[in-house]
Amino acid sequence: MAAPSSRNLKPWHLVLVTRRETLDRLGEAHPHGKMLMEATAAIAVCGQLDISPDFWIQDCSAVTENILLAATGLGLGSVWLGCHPREDRVAAVRGILDIPDGVGILSLVAIGHPAETKEPRTQYDPSRSHREKW
Ligand SMILES: Cc1cc2nc3c(=O)[nH]c(=O)nc-3n(C[C@H](O)[C@H](O)[C@H](O)COP(=O)(O)O)c2cc1C
């Protein structure tokens, strides 16, 4: 909730899930979220549309990234699972977590203890970095 927010409207709501049965249901519902079945927790990052109809997606993206960074800082593993704008995923998560209409669901973040340790790497690509002009 320290994320930057357009006009500082802070439209976010976060739903923390730790119940095993609910994590499993989310894992079954999300087509690329099978790791939820092994995860310790998940956070649904949601945005109240009437608070910020035009920038809730950007604000909730910043929230999602902050959660990923915080999890890494705690030595945990985490994965951003996209929901919005895939209506089937949004509807499934809405049903499982009782999220009301008028609230968008940007992402689920799966959180757990990482099964593998990856070497630090860079993804820096100089061809994508432009100076002064394209
Ligand atoms: C908008 C968005 C949606 C994503 N959705 C999924 C997803 O549904 N399932 C998944 O395993 N990873 C998902 N990811 C994570 C990406 O697959 C991941 O960031 C990418 O493969 C690079 O891996 P890395 O973040 O470990 O470097 C998503 C990432 C973003 C930004």
# chains A, B, ... in the order shown; residues from 1 in each chain; ligands from 1
$ residues_near_ligand --ligand "ligand 1" --cutoff "7 Å" --atoms "only C-alpha atoms and all ligand atoms" --output "list in words"
His32, Gly33, Val79, Trp80, Leu81 and Gly82 of chain A
$ write_last_selection --atoms "N, CA and C atoms" --output "PDB file, in the first residue's frame"
ATOM      1  N   HIS A  32      -2.804 -20.778 -15.673  1.00  0.00           N
ATOM      2  CA  HIS A  32      -1.338 -20.824 -15.528  1.00  0.00           C
ATOM      3  C   HIS A  32      -0.940 -20.684 -14.065  1.00  0.00           C
ATOM      4  N   GLY A  33      -1.808 -21.148 -13.180  1.00  0.00           N
ATOM      5  CA  GLY A  33      -1.564 -20.922 -11.751  1.00  0.00           C
ATOM      6  C   GLY A  33      -1.439 -22.189 -10.937  1.00  0.00           C
ATOM      7  N   VAL A  79       5.095 -15.293  -7.720  1.00  0.00           N
ATOM      8  CA  VAL A  79       4.768 -15.260  -9.151  1.00  0.00           C
ATOM      9  C   VAL A  79       3.566 -14.367  -9.368  1.00  0.00           C
ATOM     10  N   TRP A  80       3.654 -13.499 -10.350  1.00  0.00           N
ATOM     11  CA  TRP A  80       2.537 -12.645 -10.781  1.00  0.00           C
ATOM     12  C   TRP A  80       1.664 -13.465 -11.718  1.00  0.00           C
ATOM     13  N   LEU A  81       0.424 -13.684 -11.330  1.00  0.00           N
ATOM     14  CA  LEU A  81      -0.537 -14.396 -12.188  1.00  0.00           C
ATOM     15  C   LEU A  81      -1.550 -13.385 -12.708  1.00  0.00           C
ATOM     16  N   GLY A  82      -1.523 -13.162 -13.999  1.00  0.00           N
ATOM     17  CA  GLY A  82      -2.406 -12.154 -14.581  1.00  0.00           C
ATOM     18  C   GLY A  82      -3.866 -12.592 -14.543  1.00  0.00           C
TER      19      GLY A  82
END
$ residues_around --residues "Ser78 of chain A" --least-positions-apart "2" --cutoff "6 Å" --atoms "only C-alpha atoms" --output "MDAnalysis selection string"
chainID A and resid 68 110:111
$ atom_distance --atom1 "atom CA of Val15 of chain A" --atom2 "atom CA of Gly75 of chain A"
21.4 Å
$ residues_around --residues "segment 98-102 of chain A" --least-positions-apart "5" --cutoff "10 Å" --atoms "only C-alpha atoms" --output "short mmCIF file (atom, residue, chain, number, x, y, z; two decimals) with C-alpha atoms, in the first residue's frame"
data_model
loop_
_atom_site.label_atom_id
_atom_site.label_comp_id
_atom_site.auth_asym_id
_atom_site.auth_seq_id
_atom_site.Cartn_x
_atom_site.Cartn_y
_atom_site.Cartn_z
CA HIS A 13 -7.91 -3.78 -2.07
CA VAL A 15 -7.21 -10.26 -0.38
CA ALA A 44 -5.37 -11.05 -4.94
CA CYS A 46 -7.85 -5.71 -6.73
CA GLY A 47 -8.89 -2.18 -7.68
CA GLN A 48 -12.11 -0.38 -6.83
CA LEU A 49 -13.17 0.90 -10.23
CA ASP A 50 -15.23 3.90 -9.10
CA ILE A 51 -12.27 5.31 -7.17
CA PRO A 53 -11.64 4.12 -13.36
CA VAL A 90 -11.60 -12.64 -13.26
CA ALA A 91 -14.99 -14.35 -12.96
CA ALA A 92 -13.47 -17.48 -11.43
CA VAL A 93 -11.41 -15.58 -8.85
#
$ atom_distance --atom1 "atom CA of Ser52 of chain A" --atom2 "atom CA of Lys10 of chain A"
7.9 Å
$ select_by_dssp --residues "segment 23-125 of chain A" --states "strand (DSSP E)" --output "list in words"
Ala41, Ala42, Ile43, Ala44, Val45, Cys46, Gly47, Gln48, Gly77, Ser78, Val79, Trp80, Leu81, Gly82, Val103, Gly104, Ile105, Leu106, Ser107, Leu108, Val109, Ala110, Ile111 and Gly112 of chain A
$ atom_distance --atom1 "atom CA of Thr22 of chain A" --atom2 "atom CA of Glu116 of chain A"
24.6 Å
$ residues_around --residues "Ala39 of chain A" --least-positions-apart "4" --cutoff "9 Å" --atoms "only C-alpha atoms" --output "PyMOL selection string"
chain A and resi 18+20+23-24+35+78+110-113
$ write_last_selection --atoms "N, CA and C atoms" --output "PDB file, in the first residue's frame"
ATOM      1  N   THR A  18      -4.650 -17.846   2.728  1.00  0.00           N
ATOM      2  CA  THR A  18      -3.708 -18.853   3.243  1.00  0.00           C
ATOM      3  C   THR A  18      -4.379 -20.210   3.434  1.00  0.00           C
ATOM      4  N   ARG A  20      -5.654 -23.676   2.734  1.00  0.00           N
ATOM      5  CA  ARG A  20      -5.200 -24.639   1.720  1.00  0.00           C
ATOM      6  C   ARG A  20      -6.263 -24.909   0.648  1.00  0.00           C
ATOM      7  N   LEU A  23      -6.550 -21.968  -1.754  1.00  0.00           N
ATOM      8  CA  LEU A  23      -5.396 -21.900  -2.654  1.00  0.00           C
ATOM      9  C   LEU A  23      -5.516 -22.948  -3.755  1.00  0.00           C
ATOM     10  N   ASP A  24      -5.964 -24.137  -3.382  1.00  0.00           N
ATOM     11  CA  ASP A  24      -6.123 -25.205  -4.377  1.00  0.00           C
ATOM     12  C   ASP A  24      -7.197 -24.846  -5.404  1.00  0.00           C
ATOM     13  N   MET A  35       1.014 -23.534  -9.658  1.00  0.00           N
ATOM     14  CA  MET A  35       1.922 -23.444  -8.487  1.00  0.00           C
ATOM     15  C   MET A  35       1.170 -23.035  -7.226  1.00  0.00           C
ATOM     16  N   SER A  78       7.840 -15.798  -5.458  1.00  0.00           N
ATOM     17  CA  SER A  78       6.507 -15.272  -5.782  1.00  0.00           C
ATOM     18  C   SER A  78       6.332 -15.219  -7.284  1.00  0.00           C
ATOM     19  N   ALA A 110       1.162 -15.544  -6.209  1.00  0.00           N
ATOM     20  CA  ALA A 110       1.445 -16.782  -5.461  1.00  0.00           C
ATOM     21  C   ALA A 110       2.731 -16.574  -4.682  1.00  0.00           C
ATOM     22  N   ILE A 111       2.732 -16.982  -3.419  1.00  0.00           N
ATOM     23  CA  ILE A 111       3.897 -16.776  -2.547  1.00  0.00           C
ATOM     24  C   ILE A 111       4.228 -18.089  -1.838  1.00  0.00           C
ATOM     25  N   GLY A 112       5.500 -18.424  -1.823  1.00  0.00           N
ATOM     26  CA  GLY A 112       5.895 -19.642  -1.127  1.00  0.00           C
ATOM     27  C   GLY A 112       7.401 -19.692  -0.932  1.00  0.00           C
ATOM     28  N   HIS A 113       7.843 -20.796  -0.425  1.00  0.00           N
ATOM     29  CA  HIS A 113       9.278 -21.001  -0.258  1.00  0.00           C
ATOM     30  C   HIS A 113       9.814 -21.579  -1.556  1.00  0.00           C
TER      31      HIS A 113
END
$ decode --residues "segment 49-80 of chain A" --atoms "N, CA and C atoms" --output "PDB file, in the first residue's frame"
ATOM      1  N   LEU A  49     -13.110   0.188  -8.956  1.00  0.00           N
ATOM      2  CA  LEU A  49     -13.172   0.901 -10.234  1.00  0.00           C
ATOM      3  C   LEU A  49     -13.705   2.317 -10.084  1.00  0.00           C
ATOM      4  N   ASP A  50     -14.667   2.545  -9.190  1.00  0.00           N
ATOM      5  CA  ASP A  50     -15.233   3.897  -9.098  1.00  0.00           C
ATOM      6  C   ASP A  50     -14.268   4.882  -8.435  1.00  0.00           C
ATOM      7  N   ILE A  51     -13.255   4.390  -7.766  1.00  0.00           N
ATOM      8  CA  ILE A  51     -12.274   5.310  -7.172  1.00  0.00           C
ATOM      9  C   ILE A  51     -11.317   5.822  -8.248  1.00  0.00           C
ATOM     10  N   SER A  52     -10.867   4.920  -9.119  1.00  0.00           N
ATOM     11  CA  SER A  52      -9.928   5.329 -10.172  1.00  0.00           C
ATOM     12  C   SER A  52     -10.202   4.539 -11.436  1.00  0.00           C
ATOM     13  N   PRO A  53     -11.279   4.914 -12.183  1.00  0.00           N
ATOM     14  CA  PRO A  53     -11.643   4.120 -13.359  1.00  0.00           C
ATOM     15  C   PRO A  53     -10.565   4.119 -14.438  1.00  0.00           C
ATOM     16  N   ASP A  54      -9.747   5.174 -14.510  1.00  0.00           N
ATOM     17  CA  ASP A  54      -8.801   5.250 -15.613  1.00  0.00           C
ATOM     18  C   ASP A  54      -7.409   4.720 -15.274  1.00  0.00           C
ATOM     19  N   PHE A  55      -7.017   4.726 -14.009  1.00  0.00           N
ATOM     20  CA  PHE A  55      -5.640   4.332 -13.694  1.00  0.00           C
ATOM     21  C   PHE A  55      -5.530   3.200 -12.682  1.00  0.00           C
ATOM     22  N   TRP A  56      -6.633   2.478 -12.406  1.00  0.00           N
ATOM     23  CA  TRP A  56      -6.550   1.406 -11.396  1.00  0.00           C
ATOM     24  C   TRP A  56      -5.582   0.310 -11.826  1.00  0.00           C
ATOM     25  N   ILE A  57      -5.472   0.077 -13.131  1.00  0.00           N
ATOM     26  CA  ILE A  57      -4.593  -0.997 -13.607  1.00  0.00           C
ATOM     27  C   ILE A  57      -3.127  -0.662 -13.314  1.00  0.00           C
ATOM     28  N   GLN A  58      -2.748   0.577 -13.619  1.00  0.00           N
ATOM     29  CA  GLN A  58      -1.359   0.970 -13.351  1.00  0.00           C
ATOM     30  C   GLN A  58      -1.070   0.937 -11.846  1.00  0.00           C
ATOM     31  N   ASP A  59      -1.999   1.460 -11.063  1.00  0.00           N
ATOM     32  CA  ASP A  59      -1.779   1.474  -9.607  1.00  0.00           C
ATOM     33  C   ASP A  59      -1.643   0.053  -9.070  1.00  0.00           C
ATOM     34  N   CYS A  60      -2.528  -0.826  -9.514  1.00  0.00           N
ATOM     35  CA  CYS A  60      -2.484  -2.207  -9.007  1.00  0.00           C
ATOM     36  C   CYS A  60      -1.274  -2.967  -9.556  1.00  0.00           C
ATOM     37  N   SER A  61      -0.767  -2.552 -10.719  1.00  0.00           N
ATOM     38  CA  SER A  61       0.471  -3.154 -11.223  1.00  0.00           C
ATOM     39  C   SER A  61       1.641  -2.776 -10.326  1.00  0.00           C
ATOM     40  N   ALA A  62       1.658  -1.528  -9.893  1.00  0.00           N
ATOM     41  CA  ALA A  62       2.731  -1.096  -8.981  1.00  0.00           C
ATOM     42  C   ALA A  62       2.631  -1.857  -7.657  1.00  0.00           C
ATOM     43  N   VAL A  63       1.415  -2.056  -7.166  1.00  0.00           N
ATOM     44  CA  VAL A  63       1.224  -2.839  -5.940  1.00  0.00           C
ATOM     45  C   VAL A  63       1.770  -4.247  -6.141  1.00  0.00           C
ATOM     46  N   THR A  64       1.411  -4.857  -7.272  1.00  0.00           N
ATOM     47  CA  THR A  64       1.835  -6.231  -7.539  1.00  0.00           C
ATOM     48  C   THR A  64       3.357  -6.331  -7.552  1.00  0.00           C
ATOM     49  N   GLU A  65       3.999  -5.406  -8.244  1.00  0.00           N
ATOM     50  CA  GLU A  65       5.465  -5.430  -8.308  1.00  0.00           C
ATOM     51  C   GLU A  65       6.069  -5.239  -6.920  1.00  0.00           C
ATOM     52  N   ASN A  66       5.488  -4.339  -6.135  1.00  0.00           N
ATOM     53  CA  ASN A  66       6.009  -4.141  -4.770  1.00  0.00           C
ATOM     54  C   ASN A  66       5.914  -5.419  -3.947  1.00  0.00           C
ATOM     55  N   ILE A  67       4.811  -6.162  -4.109  1.00  0.00           N
ATOM     56  CA  ILE A  67       4.665  -7.418  -3.370  1.00  0.00           C
ATOM     57  C   ILE A  67       5.755  -8.405  -3.809  1.00  0.00           C
ATOM     58  N   LEU A  68       6.011  -8.480  -5.127  1.00  0.00           N
ATOM     59  CA  LEU A  68       7.054  -9.388  -5.626  1.00  0.00           C
ATOM     60  C   LEU A  68       8.413  -9.018  -5.025  1.00  0.00           C
ATOM     61  N   LEU A  69       8.713  -7.729  -4.997  1.00  0.00           N
ATOM     62  CA  LEU A  69      10.007  -7.278  -4.471  1.00  0.00           C
ATOM     63  C   LEU A  69      10.108  -7.546  -2.969  1.00  0.00           C
ATOM     64  N   ALA A  70       9.012  -7.287  -2.255  1.00  0.00           N
ATOM     65  CA  ALA A  70       9.024  -7.516  -0.805  1.00  0.00           C
ATOM     66  C   ALA A  70       9.207  -9.003  -0.508  1.00  0.00           C
ATOM     67  N   ALA A  71       8.519  -9.847  -1.284  1.00  0.00           N
ATOM     68  CA  ALA A  71       8.646 -11.292  -1.074  1.00  0.00           C
ATOM     69  C   ALA A  71      10.096 -11.723  -1.295  1.00  0.00           C
ATOM     70  N   THR A  72      10.697 -11.238  -2.370  1.00  0.00           N
ATOM     71  CA  THR A  72      12.098 -11.576  -2.644  1.00  0.00           C
ATOM     72  C   THR A  72      12.986 -11.124  -1.496  1.00  0.00           C
ATOM     73  N   GLY A  73      12.727  -9.944  -0.982  1.00  0.00           N
ATOM     74  CA  GLY A  73      13.509  -9.415   0.136  1.00  0.00           C
ATOM     75  C   GLY A  73      13.389 -10.277   1.383  1.00  0.00           C
ATOM     76  N   LEU A  74      12.280 -10.977   1.518  1.00  0.00           N
ATOM     77  CA  LEU A  74      12.074 -11.869   2.665  1.00  0.00           C
ATOM     78  C   LEU A  74      12.585 -13.282   2.398  1.00  0.00           C
ATOM     79  N   GLY A  75      13.194 -13.480   1.211  1.00  0.00           N
ATOM     80  CA  GLY A  75      13.702 -14.810   0.875  1.00  0.00           C
ATOM     81  C   GLY A  75      12.619 -15.750   0.383  1.00  0.00           C
ATOM     82  N   LEU A  76      11.471 -15.191   0.009  1.00  0.00           N
ATOM     83  CA  LEU A  76      10.368 -16.015  -0.488  1.00  0.00           C
ATOM     84  C   LEU A  76      10.338 -15.982  -2.012  1.00  0.00           C
ATOM     85  N   GLY A  77       9.652 -16.958  -2.605  1.00  0.00           N
ATOM     86  CA  GLY A  77       9.416 -16.954  -4.040  1.00  0.00           C
ATOM     87  C   GLY A  77       8.013 -16.434  -4.306  1.00  0.00           C
ATOM     88  N   SER A  78       7.840 -15.798  -5.458  1.00  0.00           N
ATOM     89  CA  SER A  78       6.507 -15.272  -5.782  1.00  0.00           C
ATOM     90  C   SER A  78       6.332 -15.219  -7.284  1.00  0.00           C
ATOM     91  N   VAL A  79       5.095 -15.293  -7.720  1.00  0.00           N
ATOM     92  CA  VAL A  79       4.768 -15.260  -9.151  1.00  0.00           C
ATOM     93  C   VAL A  79       3.566 -14.367  -9.368  1.00  0.00           C
ATOM     94  N   TRP A  80       3.654 -13.499 -10.350  1.00  0.00           N
ATOM     95  CA  TRP A  80       2.537 -12.645 -10.781  1.00  0.00           C
ATOM     96  C   TRP A  80       1.664 -13.465 -11.718  1.00  0.00           C
TER      97      TRP A  80
END
